[in-house]
Structure formats: C-alpha cells, structure tokens
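Novice: The structure file input16.txt (compact mmCIF, C-alpha atoms) is provided below.
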```txt
# COMPACT_ATOMS: atom_id res chain seq x y z
CA MET A 16 -4.22 300.55 -97.60
CA ASN A 17 -3.36 303.69 -95.76
CA GLY A 18 -4.24 302.47 -92.30
CA ASP A 19 -7.59 304.22 -92.07
CA THR A 20 -10.16 302.19 -90.26
CA VAL A 21 -12.82 300.40 -92.27
CA LYS A 22 -16.39 299.85 -91.18
CA TYR A 23 -18.65 297.21 -92.65
CA HIS A 24 -21.57 294.99 -91.85
CA TYR A 25 -22.35 291.33 -92.00
CA SER A 26 -25.58 289.57 -92.57
CA GLY A 27 -25.42 287.48 -89.40
CA ARG A 28 -25.00 283.85 -88.49
CA SER A 29 -26.85 282.50 -91.49
CA LEU A 30 -24.12 283.50 -93.90
CA VAL A 31 -23.87 281.10 -96.81
CA LEU A 32 -20.53 280.23 -98.30
CA ARG A 33 -19.87 279.12 -101.83
CA ALA A 34 -17.31 276.57 -100.82
CA THR A 35 -17.07 273.38 -102.78
CA VAL A 36 -17.10 270.05 -101.04
CA ALA A 37 -13.52 269.48 -102.17
CA ALA A 38 -12.34 272.77 -100.72
CA VAL A 39 -14.14 272.10 -97.49
CA ALA A 40 -12.56 268.68 -97.22
CA ALA A 41 -9.11 270.16 -97.76
CA VAL A 42 -9.68 272.80 -95.13
CA ALA A 43 -11.04 270.29 -92.66
CA VAL A 44 -7.85 268.32 -93.00
CA MET A 45 -5.64 271.39 -92.69
CA ALA A 46 -7.51 272.85 -89.75
CA GLY A 47 -7.19 269.58 -87.93
CA ILE A 48 -3.47 269.22 -88.33
CA THR A 49 -1.70 269.63 -85.03
CA GLY A 50 1.42 271.62 -84.38
CA THR A 51 2.42 272.42 -87.94
CA SER A 52 2.55 275.68 -89.73
CA GLY A 53 2.89 276.43 -93.38
CA ALA A 54 4.67 279.72 -93.08
CA ALA A 55 7.03 280.80 -95.80
CA THR A 56 10.76 280.44 -95.37
CA SER A 57 11.93 283.15 -97.71
CA THR A 58 14.72 285.18 -96.24
CA GLY A 59 15.60 287.35 -99.17
CA GLU A 60 12.60 289.62 -99.30
CA ALA A 61 13.67 291.72 -96.33
CA ASP A 62 16.86 292.77 -98.10
CA ALA A 63 15.10 295.25 -100.35
CA PRO A 64 13.26 298.38 -99.30
CA PRO A 65 9.58 297.67 -98.67
CA VAL A 66 7.08 297.98 -101.47
CA GLY A 67 3.33 297.52 -101.61
CA LYS A 68 2.57 296.68 -98.03
CA VAL A 69 -1.00 295.76 -97.22
CA VAL A 70 -1.78 296.13 -93.57
CA GLU A 71 -5.51 295.44 -93.40
CA VAL A 72 -7.28 292.97 -95.64
CA VAL A 73 -10.46 290.95 -95.98
CA MET A 74 -10.51 287.42 -94.59
CA ASN A 75 -11.88 284.51 -96.56
CA ALA A 76 -14.29 281.83 -95.39
CA VAL A 77 -13.10 278.66 -97.05
CA GLY A 78 -15.10 275.96 -95.32
CA TYR A 79 -16.40 274.59 -92.05
CA ASN A 80 -15.13 272.61 -89.11
CA PRO A 81 -18.10 270.38 -88.28
CA ASP A 82 -16.71 269.39 -84.88
CA VAL A 83 -16.61 273.00 -83.71
CA ALA A 84 -20.05 273.64 -85.16
CA THR A 85 -21.49 270.65 -83.32
CA ALA A 86 -19.83 271.62 -80.06
CA ASN A 87 -21.50 275.01 -80.22
CA GLY A 88 -24.97 273.85 -81.20
CA TYR A 89 -24.68 274.31 -84.94
CA GLU A 90 -24.97 271.90 -87.81
CA VAL A 91 -23.15 272.01 -91.13
CA ARG A 92 -25.37 271.04 -94.04
CA THR A 93 -24.76 270.61 -97.75
CA ARG A 94 -27.02 271.80 -100.52
CA PRO A 95 -27.66 269.80 -103.68
CA ASP A 96 -25.18 272.02 -105.51
CA GLY A 97 -22.40 271.08 -103.08
CA THR A 98 -22.20 274.36 -101.18
CA GLN A 99 -22.35 274.22 -97.42
CA TYR A 100 -23.93 276.30 -94.72
CA SER A 101 -24.14 276.28 -90.94
CA VAL A 102 -27.38 276.59 -89.00
CA LYS A 103 -28.50 276.14 -85.42
CA ARG A 104 -29.09 272.48 -84.69
CA GLY A 105 -32.74 271.57 -85.14
CA THR A 106 -33.40 274.13 -87.85
CA PRO A 107 -35.98 272.62 -90.24
CA ALA A 108 -34.41 271.15 -93.37
CA GLU A 109 -36.47 273.35 -95.64
CA VAL A 110 -34.91 276.47 -94.13
CA ILE A 111 -31.83 277.19 -96.23
CA PRO A 112 -30.22 280.58 -95.75
CA MET A 113 -29.96 282.40 -99.04
CA ASP A 114 -28.14 285.55 -98.03
CA VAL A 115 -25.10 284.56 -100.02
CA VAL A 116 -21.91 286.44 -99.20
CA PRO A 117 -19.10 284.45 -100.75
CA GLY A 118 -15.79 284.52 -98.99
CA ASN A 119 -15.79 287.57 -96.80
CA CYS A 120 -15.97 286.69 -93.12
CA GLY A 121 -13.91 289.41 -91.47
CA ARG A 122 -10.79 291.54 -91.64
CA SER A 123 -7.27 290.97 -90.43
CA TRP A 124 -4.43 293.37 -89.86
CA MET A 125 -0.72 293.59 -89.26
CA TRP A 126 1.26 296.50 -87.87
CA LEU A 127 5.01 296.26 -87.51
CA ASP A 128 6.95 298.97 -85.69
CA GLY A 129 10.65 299.24 -85.12
CA ILE A 130 11.13 300.26 -81.49
CA GLY A 131 14.92 300.46 -81.27
CA GLY A 132 17.31 298.06 -79.59
CA ARG A 133 17.10 295.76 -82.63
CA SER A 134 13.52 295.02 -81.68
CA VAL A 135 10.11 295.33 -83.26
CA ARG A 136 6.57 295.39 -81.99
CA ILE A 137 4.09 293.21 -83.83
CA ASN A 138 0.43 294.12 -83.52
CA THR A 139 -1.80 291.79 -85.46
CA GLY A 140 -5.29 290.43 -85.18
CA PHE A 141 -8.64 290.13 -86.81
CA HIS A 142 -12.31 290.79 -86.35
CA VAL A 143 -14.84 288.36 -87.69
CA ARG A 144 -18.61 288.12 -87.86
CA ASP A 145 -19.14 285.81 -84.88
CA ALA A 146 -17.49 284.59 -81.69
CA VAL A 147 -14.19 282.79 -82.18
CA SER A 148 -13.91 279.23 -80.91
CA THR A 149 -10.19 279.05 -81.57
CA PHE A 150 -7.63 280.30 -84.05
CA SER A 151 -4.26 279.54 -85.56
CA TRP A 152 -2.22 282.68 -86.22
CA THR A 153 1.44 282.84 -87.15
CA ALA A 154 3.38 286.00 -87.93
CA THR A 155 6.30 285.36 -90.24
CA LEU A 156 8.97 287.95 -89.54
CA SER A 157 11.76 288.39 -92.06
CA ASP A 158 14.65 290.72 -91.41
CA THR A 159 18.11 290.96 -92.90
CA GLY A 160 19.30 288.20 -90.57
CA GLY A 161 16.68 285.61 -91.49
CA THR A 162 13.12 284.58 -90.75
CA THR A 163 11.37 283.66 -87.54
CA LYS A 164 7.81 282.43 -87.08
CA HIS A 165 5.70 283.53 -84.17
CA ASP A 166 2.58 281.58 -83.23
CA PHE A 167 0.03 283.21 -80.99
CA PRO A 168 -2.20 281.44 -78.47
CA GLY A 169 -5.58 280.60 -80.03
CA PHE A 170 -8.02 281.55 -77.29
CA TYR A 171 -11.81 281.79 -77.36
CA ASP A 172 -13.15 285.28 -77.92
CA ALA A 173 -16.80 286.10 -77.46
CA ASP A 174 -16.70 289.25 -79.57
CA GLY A 175 -14.86 287.87 -82.56
CA TYR A 176 -12.24 290.56 -82.05
CA VAL A 177 -8.69 289.37 -81.41
CA ASP A 178 -5.87 291.85 -80.84
CA LEU A 179 -2.38 290.35 -80.39
CA ASN A 180 0.86 292.06 -79.45
CA ARG A 181 4.40 290.83 -79.28
CA ILE A 182 7.83 292.38 -78.88
CA VAL A 183 10.56 290.54 -80.75
CA GLY A 184 14.21 291.22 -80.03
CA GLY A 185 17.63 290.11 -81.19
CA LEU A 186 17.01 291.12 -84.81
CA SER A 187 19.34 292.61 -87.41
CA VAL A 188 19.52 296.25 -88.46
CA GLY A 189 17.70 296.95 -91.73
CA TYR A 190 14.34 296.44 -93.32
CA ALA A 191 11.96 293.86 -91.95
CA ARG A 192 8.59 292.56 -92.99
CA ALA A 193 5.95 290.71 -91.02
CA THR A 194 3.15 288.81 -92.73
CA ILE A 195 0.17 286.70 -91.76
CA TYR A 196 0.03 284.58 -94.88
CA GLY A 197 -3.35 283.73 -96.32
CA PHE A 198 -4.82 280.43 -97.49
CA PRO A 199 -3.49 277.75 -97.77
CA PHE A 200 -1.16 278.74 -94.92
CA GLN A 201 -2.64 277.87 -91.58
CA ASN A 202 -3.70 281.29 -90.39
CA PHE A 203 -7.38 281.08 -89.66
CA ALA A 204 -10.09 281.60 -87.09
CA VAL A 205 -12.69 278.94 -86.43
CA LEU A 206 -15.95 280.65 -85.59
CA VAL A 207 -18.47 279.12 -83.23
CA ASP A 208 -20.71 278.09 -86.13
CA GLY A 209 -17.80 276.13 -87.57
CA THR A 210 -16.80 278.57 -90.29
CA VAL A 211 -13.07 278.42 -91.01
CA CYS A 212 -12.08 281.99 -91.81
CA TYR A 213 -8.63 282.48 -93.31
CA SER A 214 -6.31 285.45 -93.14
CA GLY A 215 -6.23 287.51 -96.28
CA GLY A 216 -2.46 287.95 -95.89
CA PRO A 217 -1.85 291.32 -94.22
CA SER A 218 1.75 292.47 -94.21
CA ASP A 219 3.71 295.44 -92.94
CA ASP A 220 7.27 296.69 -93.06
CA ALA A 221 9.54 298.47 -90.62
CA TYR A 222 13.13 299.52 -90.34
CA ILE A 223 15.02 297.96 -87.46
CA THR A 224 17.56 300.11 -85.63
CA MET B 15 -4.96 272.34 -83.54
CA PRO B 16 -3.28 270.57 -80.62
CA ARG B 17 -5.49 269.52 -77.75
CA PRO B 18 -4.69 271.24 -74.47
CA VAL B 19 -3.59 267.99 -72.91
CA ASP B 20 -1.15 267.45 -75.79
CA ARG B 21 0.07 271.02 -75.55
CA LEU B 22 0.76 270.48 -71.88
CA ALA B 23 2.65 267.25 -72.56
CA ARG B 24 4.81 268.88 -75.25
CA PHE B 25 5.89 271.80 -73.07
CA PRO B 26 9.40 271.12 -71.76
CA ARG B 27 8.73 271.99 -68.10
CA PRO B 28 5.73 272.26 -65.76
CA ILE B 29 3.25 275.05 -66.29
CA ALA B 30 1.54 276.96 -63.49
CA ILE B 31 -2.17 277.14 -62.76
CA VAL B 32 -4.20 278.33 -59.80
CA HIS B 33 -4.05 276.07 -56.75
CA GLY B 34 -7.49 275.23 -55.43
CA ASP B 35 -10.86 275.91 -56.98
CA GLY B 36 -11.57 279.18 -55.22
CA SER B 37 -13.89 281.58 -56.94
CA LEU B 38 -12.17 281.28 -60.29
CA GLY B 39 -13.32 277.79 -61.12
CA PRO B 40 -11.39 275.49 -63.42
CA VAL B 41 -9.09 276.60 -66.21
CA ALA B 42 -11.32 278.03 -68.95
CA SER B 43 -8.77 277.61 -71.71
CA LEU B 44 -5.20 276.48 -72.17
CA ASP B 45 -3.47 277.94 -75.20
CA GLY B 46 0.11 278.03 -76.29
CA ASP B 47 2.35 279.95 -78.59
CA ALA B 48 5.56 279.04 -80.31
CA VAL B 49 8.65 280.39 -81.99
CA ASP B 50 9.79 278.55 -85.11
CA ASP B 51 7.50 275.67 -84.16
CA GLU B 52 9.10 275.27 -80.74
CA PRO B 53 6.75 275.71 -77.77
CA TRP B 54 7.46 279.07 -76.19
CA ALA B 55 4.72 279.77 -73.65
CA ILE B 56 1.45 278.38 -72.36
CA GLU B 57 -1.39 280.49 -71.07
CA ALA B 58 -4.00 279.23 -68.63
CA THR B 59 -6.97 281.57 -68.70
CA TYR B 60 -9.67 281.94 -66.05
CA GLN B 61 -12.91 283.71 -66.82
CA LYS B 62 -15.72 285.57 -65.13
CA SER B 63 -18.87 286.45 -67.03
CA GLY B 64 -17.34 285.22 -70.25
CA ARG B 65 -14.31 287.50 -70.00
CA PRO B 66 -10.77 286.69 -68.94
CA CYS B 67 -10.13 287.77 -65.35
CA LEU B 68 -6.77 286.05 -64.84
CA VAL B 69 -4.15 284.76 -67.26
CA ILE B 70 -1.18 282.70 -66.09
CA ARG B 71 1.53 282.64 -68.71
CA THR B 72 4.42 280.24 -68.22
CA VAL B 73 7.35 281.11 -70.48
CA ARG B 74 10.02 278.52 -71.01
CA SER B 75 13.69 279.18 -70.47
CA SER B 76 15.43 280.46 -73.58
CA ARG B 77 18.76 278.95 -72.61
CA ASP B 78 18.56 276.18 -75.19
CA MET B 79 17.13 278.38 -77.95
CA ASN B 80 18.68 280.65 -80.55
CA PRO B 81 18.36 284.16 -79.08
CA ARG B 82 17.70 285.66 -82.50
CA GLY B 83 14.11 286.75 -82.88
CA LEU B 84 12.83 285.58 -79.51
CA PRO B 85 9.87 287.35 -77.91
CA VAL B 86 10.56 289.86 -75.16
CA GLU B 87 8.47 288.94 -72.13
CA ASP B 88 7.92 291.64 -69.52
CA ALA B 89 5.12 293.16 -67.48
CA SER B 90 4.24 295.65 -70.22
CA ILE B 91 3.51 293.10 -72.90
CA GLN B 92 1.54 290.96 -70.46
CA MET B 93 -0.57 293.96 -69.54
CA VAL B 94 -1.10 294.99 -73.16
CA ASN B 95 -2.33 291.56 -74.13
CA PHE B 96 -4.47 291.08 -71.04
CA LEU B 97 -6.23 294.40 -71.44
CA ALA B 98 -6.76 293.74 -75.14
CA ARG B 99 -8.79 290.67 -74.19
CA ALA B 100 -10.35 291.62 -70.88
CA ASP B 101 -10.91 295.35 -70.92
CA ARG B 102 -12.76 295.67 -74.19
CA PRO B 103 -16.16 297.31 -73.88
CA LEU B 104 -19.04 295.17 -75.05
CA GLY B 105 -20.05 296.02 -78.56
CA HIS B 106 -16.53 297.18 -79.31
CA GLY B 107 -17.30 297.18 -83.01
CA LEU B 108 -15.58 295.65 -85.96
CA THR B 109 -12.93 298.24 -86.50
CA ALA B 110 -9.27 297.40 -86.83
CA PRO B 111 -6.80 299.71 -85.14
CA SER B 112 -5.04 302.26 -87.25
CA ARG B 113 -1.27 302.46 -86.97
CA ALA B 114 -1.67 305.53 -84.79
CA SER B 115 -4.19 303.95 -82.42
CA SER B 116 -2.16 300.76 -82.27
CA ARG B 117 0.92 302.68 -81.20
CA THR B 118 -0.96 304.93 -78.83
CA GLY B 119 -2.63 302.07 -77.01
CA PHE B 120 0.63 300.23 -76.57
CA ASP B 121 2.52 303.33 -75.44
CA GLN B 122 -0.16 304.22 -72.88
CA VAL B 123 0.14 300.84 -71.25
CA ARG B 124 3.92 300.89 -71.33
CA VAL B 125 4.07 304.32 -69.71
CA ALA B 126 1.62 303.25 -67.01
CA VAL B 127 3.52 300.05 -66.31
CA ASN B 128 6.92 301.72 -66.28
CA GLY B 129 5.63 304.35 -63.90
CA ALA B 130 4.02 301.94 -61.48
CA ALA B 131 5.55 300.97 -58.18
CA VAL B 132 6.99 297.47 -58.02
CA GLN B 133 6.39 295.44 -54.88
CA GLU B 134 8.21 292.34 -53.81
CA VAL B 135 5.85 289.42 -53.29
CA GLU B 136 6.01 285.77 -52.37
CA VAL B 137 3.63 283.31 -53.98
CA ALA B 138 3.26 279.66 -53.05
CA ILE B 139 3.81 277.28 -55.95
CA ASP B 140 3.33 273.63 -55.12
CA GLY B 141 3.40 274.71 -51.50
CA GLU B 142 6.79 276.40 -51.63
CA GLY B 143 7.27 280.15 -51.44
CA VAL B 144 8.57 281.71 -54.65
CA ARG B 145 9.72 285.30 -54.54
CA GLY B 146 8.80 287.70 -57.29
CA THR B 147 7.44 291.13 -58.07
CA ARG B 148 4.01 292.66 -58.43
CA MET B 149 3.07 295.77 -60.35
CA ASP B 150 -0.38 297.39 -60.35
CA ALA B 151 -1.48 299.71 -63.15
CA LEU B 152 -4.58 300.54 -65.16
CA ASP B 153 -6.80 298.71 -62.65
CA ALA B 154 -4.97 295.45 -63.31
CA ALA B 155 -1.91 293.73 -61.89
CA VAL B 156 1.01 291.64 -63.09
CA VAL B 157 2.95 289.26 -60.85
CA GLU B 158 6.23 287.93 -62.21
CA LEU B 159 7.90 284.86 -60.76
CA ALA B 160 10.88 282.69 -61.62
CA TRP B 161 10.07 279.01 -61.39
CA HIS B 162 11.98 275.95 -62.63
CA GLY B 163 14.12 278.26 -64.76
CA GLN B 164 11.00 279.62 -66.40
CA ALA B 165 9.15 282.91 -66.07
CA VAL B 166 5.60 282.87 -64.78
CA PHE B 167 3.45 285.96 -65.36
CA VAL B 168 0.13 286.18 -63.56
CA THR B 169 -1.92 288.99 -65.02
CA GLY B 170 -5.44 289.91 -64.03
CA TRP B 171 -7.85 292.03 -62.11
CA PRO B 172 -6.71 292.62 -58.52
CA ASP B 173 -9.61 290.72 -56.97
CA ALA B 174 -8.57 287.62 -58.93
CA LEU B 175 -5.07 287.86 -57.47
CA GLN B 176 -6.13 288.43 -53.87
CA THR B 177 -5.25 285.02 -52.51
CA LEU B 178 -2.91 283.79 -55.15
CA ALA B 179 -1.44 280.32 -54.85
CA LEU B 180 -0.24 278.26 -57.78
CA ARG B 181 0.69 274.70 -58.57
CA ALA B 182 1.94 272.67 -61.51
CA ALA B 183 -0.79 271.62 -63.90
CA THR B 184 -1.54 267.96 -64.56
CA PRO B 185 -3.34 266.43 -67.54
CA ALA B 186 -6.41 266.03 -65.36
CA ASP B 187 -6.60 269.81 -64.95
CA VAL B 188 -7.17 270.32 -68.66
CA ALA B 189 -8.96 267.11 -69.57
CA HIS B 190 -12.27 268.98 -69.68
CA LEU B 191 -11.05 271.36 -72.39
```
Let me see the file written as structure tokens.

Specialist:
Amino acid sequence: MNGDTVKYHYSGRSLVLRATVAAVAAVAVMAGITGTSGAATSTGEADAPPVGKVVEVVMNAVGYNPDVATANGYEVRTRPDGTQYSVKRGTPAEVIPMDVVPGNCGRSWMWLDGIGGRSVRINTGFHVRDAVSTFSWTATLSDTGGTTKHDFPGFYDADGYVDLNRIVGGLSVGYARATIYGFPFQNFAVLVDGTVCYSGGPSDDAYIT
Amino acid sequence: MPRPVDRLARFPRPIAIVHGDGSLGPVASLDGDAVDDEPWAIEATYQKSGRPCLVIRTVRSSRDMNPRGLPVEDASIQMVNFLARADRPLGHGLTAPSRASSRTGFDQVRVAVNGAAVQEVEVAIDGEGVRGTRMDALDAAVVELAWHGQAVFVTGWPDALQTLALRAATPADVAHL
C-alpha cells in the first residue's frame, strides 16, 4: 500500500458471513477471554531494514458475539448450512439476508513515525461497517532493544471509526516496526450487531533517532 | 474483555471520576489500556448526545515499571485522542488517514497545545484541593493533576469542565456498565 486513502461501500447491517460454527465458537471463546493478548514476542525482526510494510488492510469478520448482539437488540441465527447471520430481534424467521460478503467488515491501519528523542508516534485504528460496541487493539512495537505491547482502551464508537494515537519513548536507535496482528491474535472490534471483526494485520516501519 | 468493575479492581491505585451527578450523568464507559499486559491507564468517559464530552484519564505511576517503551502522557496526546473521538463531524466517512494527513492532524494539535497559555488551577478530589494546570486550545481544554503519585488528565469541552470536582471511583460507580 502506498498510503493513499481507499473508499468502499458496505451492504449494511444485514451482512451475511460465511463463518463456520466451529470458527464462531473459537472466536466466541477468544473474544471473551479477559486481560490476555496474543501478541508476538519476536524481537529480531526490527534488526533488519524494513521490507514489505502494509499500512492499511482489510479486516475480517470471523464470527459473532451473541451477548453483544443481544444487548443491542440483535439476534444471531444459524442457517441449515452452519453459517451465521445477525438480524434485528423479532425479524421473521423466513427473512434470511442473502447479500453475502464473506470476510470483509472494515479496514484497519497503522502509521509509525519516528519523532526524535528515541520516541515514536503510533497512529492506528480502523473503520468498520457499523457502530463499535467495544474493541481489543494491541500494537506490538519491536525496536532494536526489544518488543513492547501497547493496548488501547476499547471504547464505544457510534460511527465505527476509531482513531488512536500514542507516543512511546525510551526506545533504542535503529529500525522499528509496529503491527496490529490479525486473527487469531486478539485485535478485533465487536460491532453492535455482534460481528467480531478482526484486524487484517497492518504494519509500518520507522527509524528511531 | 474485562468488565469495568474488574478493570477498576485490577488498577493499582484509585482512579478519578466526576464528583456529583451534575449535568454529565453517570460514567458512560470505563476503558483501560496497558503496556506489556500491565494496566497503564483507565479512562472514564462522559457523553452528551452520544459523543464524548469529557474524558478523565488516570495514568499510573511508572516508578515500578521498566521505563523502556512506556507511553508519553502529556496534554498534546490527550487532546489528540479526545478530538479524534469527540470532534469528528457526523458522516465522517470510511476513509483511513494517509500518512500525510495523520502527521498533519497530530502536528496541528501539538502546535496549538504548545502555543496555548497554561493556567494554574486547583481541583477538589475527594474534597481536598489538588493543584494542577489547565490549557485551553482548539475549543477544548486539558487539566492535568498529580494525585496519589499518578497523573490525572481531564480533557473535554470547556462547558463540561466548568465546575470540575473529582473523587475516587468505587465499584458501584461502574456497576451499570
């Protein structure tokens, strides 16, 4: 990606996801885990000059959180073929959304800038197709001195547009990389209809001075 | 995802919220962030018309933490993050920032904050006066206080800070979340 902005459209709340029951069950467990993060612990990758950074990528809908859906007036249902979908509570059973858009539920980004003083600025975030009930978002920052993980507060956002900034200091001179790892790492937004929308793994590099 | 009441219990020291109901109502959300899985800060957010109008961020002392890779907490970063949530026009659109717009937005806030006059203020927390500073810029304000060895940043629209008094949060304050 070259950092140009990308415009796109979604089909609305009745998006259908081709998630299997098994995948949904796994996600439901992961999304419910408290206080843990599956971020990588590699420290060696920041030693080499950066290659192939991807700063803005598609997010993936992997399943649903039925508790969030229920709390916001939605209901998660399962088709005979095992796929799930979320609809407003009370929607007649015969109404099954068919506008299938597998996977894509938004975009996420990561910008990393060296700002001098052995510090960097992290700007990361995402925009998704519906309001965000909560999210889990951890930037893994690797520099020549090691790796630190930075969790951001997972607030509600009515627009589905979350823009997060952090200055990190006390780093080591040299190349650094920040990543929001994708599934199965716990970087996801839970939309108000219960959709669990995972980071696609945006990453960016900077040189720390 | 930890429940707010659990997040509050895990934080090493008290966190600040608004004292009294006032016009802000109860805490709308209580979220936290962490560094290397250690709690780092908790934010109590108050809303008006579905948008944040006041965010109280209590940042723990870093004395018992490795200084490598810790977040830098100052008025600029509070203002950047508050405006990113509260000052977004409706129908903002689904467009990620480019590197240029990301930098520009941050730099504009930093310049405005660095150029703003800093006033000394005193805010009551649990009924005791705590001295700090206040800075107004970009139609918003940031109050910074030192409390129990922690930093407390109160960031919001000026009308939400008009009669500011704080107190330590209890589990009952977030039980509704």

Novice: Rounded to one decimal in Å, what is the spacing between CA of His162 (chain B) and CA of Trp152 (chain A)?

Specialist: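 Taking CA of His162 (chain B) and CA of Trp152 (chain A), their separation equals 28.3 Å.
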
Novice: Given all atoms listed in the file, how would the per-residue table for region 49-80 of chain B near region 163-171 of chain B read, listing every residue at most 10 Å away with its closest atom pair and distance in Å to one decimal, sorted by chain and number, as a tab-separated table?

Specialist:
```
residue	atom	partner	partner_atom	distance
B:Ala55	CA	B:Ala165	CA	9.3
B:Ile56	CA	B:Val166	CA	9.7
B:Glu57	CA	B:Phe167	CA	9.3
B:Ala58	CA	B:Val168	CA	9.5
B:Thr59	CA	B:Gly170	CA	9.7
B:Tyr60	CA	B:Gly170	CA	9.2
B:Pro66	CA	B:Gly170	CA	7.9
B:Cys67	CA	B:Gly170	CA	5.3
B:Leu68	CA	B:Gly170	CA	4.2
B:Val69	CA	B:Thr169	CA	5.3
B:Ile70	CA	B:Val168	CA	4.5
B:Arg71	CA	B:Phe167	CA	5.1
B:Thr72	CA	B:Val166	CA	4.5
B:Val73	CA	B:Ala165	CA	5.1
B:Arg74	CA	B:Gln164	CA	4.8
B:Ser75	CA	B:Gln164	CA	4.9
B:Ser76	CA	B:Gln164	CA	8.5
B:Arg77	CA	B:Gly163	CA	9.1
```

Novice: What does the structure give for the distance between CA of Ala173 (chain A) and CA of Asp153 (chain B), in Å to one decimal?

Specialist: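 Between CA of Ala173 (chain A) and CA of Asp153 (chain B) the gap works out to 21.9 Å.
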
Novice: Using only C-alpha atoms, find the residues of chain B whose closest atom to chain A is at most 6 Å away, then write them as a PyMOL selection string.

Specialist: chain B and resi 15-16+45-50+82-86+108+110+112

Novice: So the first atom is CA of Ala204 (chain A) and the second is CA of Asn119 (chain A); what is the distance between them in Å, to one decimal place?

Specialist: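 Distance reported for this atom pair: 12.7 Å.
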
Novice: Return the single residue from A:Ile223, A:Ile130, A:Val91, A:Met74 that is closest to Arg192 (chain A), with distances computed using only C-alpha atoms.

Specialist: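 Once distances to Arg192 (chain A) are computed over only C-alpha atoms, the minimum belongs to A:Ile223.
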
Novice: Find the axis-aligned box for region 27-45 of chain B, covering all its listed atoms and adding 3 Å on each side, and write its centre and edge lengths in Å to one decimal as AutoDock Vina command-line options.

Specialist:
```
--center_x -2.6 --center_y 276.8 --center_z -65.2 --size_x 28.6 --size_y 15.6 --size_z 26.0
```

Novice: Give me the residues within 7 Å of Pro18 (chain B) as a list in words, counting only C-alpha atoms and dropping any in the same chain fewer than 6 places off.

Specialist: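 The neighbour list is Leu44, Asp45, Val188 and Leu191 of chain B.
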
Novice: When distances are computed from all atoms listed in the file, which of A:Asp219, A:Asp82, A:Asp96, A:Asp145 shows the smallest separation from Cys120 (chain A)?

Specialist: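 Distance minimum relative to Cys120 (chain A) lands on A:Asp145.
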
Novice: Hey, what's within 8 Å of region 84-86 of chain A if we count all atoms listed in the file and toss same-chain stuff fewer than 6 positions away? As a ChimeraX atom specification, please?

Specialist: /A:101,104,207-210

Novice: Check the smallest atom-to-atom distance from each of B:Ile91, B:Val132, B:Val156, B:Leu180 to Ala30 (chain B) using all atoms listed in the file, then report the winner.

Specialist: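 When distances to Ala30 (chain B) are compared using all atoms listed in the file, the smallest one comes from B:Leu180.
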
Novice: Given all atoms listed in the file as the basis, pick out the residue of B:Leu175, B:Ala151, B:Ala186, B:Met93 nearest to Val135 (chain B).

Specialist: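 Selected residue with least distance to Val135 (chain B): B:Leu175.
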
Novice: Identify which of the residues A:Val83, A:Ala191, A:Val211, A:Ala221 lies closest to Thr159 (chain A), counting all atoms listed in the file when measuring atom-to-atom distances.

Specialist: A:Ala191

Novice: Residues at most 10 Å from Glu142 (chain B), counting only C-alpha atoms, excluding those fewer than 3 positions away in the same chain, as a tab-separated table (two decimals) with C-alpha atoms, in the frame of the given file?

Specialist:
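The resulting file, out.tsv, is shown below:
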```
chain	number	residue	atom	x	y	z
B	136	GLU	CA	6.01	285.77	-52.37
B	137	VAL	CA	3.63	283.31	-53.98
B	138	ALA	CA	3.26	279.66	-53.05
B	139	ILE	CA	3.81	277.28	-55.95
B	145	ARG	CA	9.72	285.30	-54.54
B	179	ALA	CA	-1.44	280.32	-54.85
B	180	LEU	CA	-0.24	278.26	-57.78
B	181	ARG	CA	0.69	274.70	-58.57
```

Novice: Of the residues B:Ser43, B:His33, B:Ala126, B:Ala89, which is the one nearest to Val19 (chain B), using all atoms listed in the file?

Specialist: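 Counting all atoms listed in the file, the residue closest to Val19 (chain B) is B:Ser43.
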
Novice: I need every residue sitting at most 6 Å from the point (5.0, 298.4, -58.4) (coordinates as in the file, only C-alpha atoms considered), written as a PyMOL selection string.

Specialist: chain B and resi 130-133+148-150

Novice: Could you turn the residues from that selection into a file that holds C-alpha atoms, as a PDB file, in the coordinates of the input?

Specialist:
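selection.pdb written:
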```pdb
ATOM      1  CA  ALA B 130       4.020 301.940 -61.480  1.00  0.00           C
ATOM      2  CA  ALA B 131       5.550 300.970 -58.180  1.00  0.00           C
ATOM      3  CA  VAL B 132       6.990 297.470 -58.020  1.00  0.00           C
ATOM      4  CA  GLN B 133       6.390 295.440 -54.880  1.00  0.00           C
ATOM      5  CA  ARG B 148       4.010 292.660 -58.430  1.00  0.00           C
ATOM      6  CA  MET B 149       3.070 295.770 -60.350  1.00  0.00           C
ATOM      7  CA  ASP B 150      -0.380 297.390 -60.350  1.00  0.00           C
TER       8      ASP B 150
END
```

Novice: Go ahead and find all residues with at least one atom no further than 12 Å from (-16.4, 281.1, -58.4) in the file's coordinates, using all atoms listed in the file; report them as a ChimeraX atom specification.

Specialist: /B:34-41,60-63,67,173-174
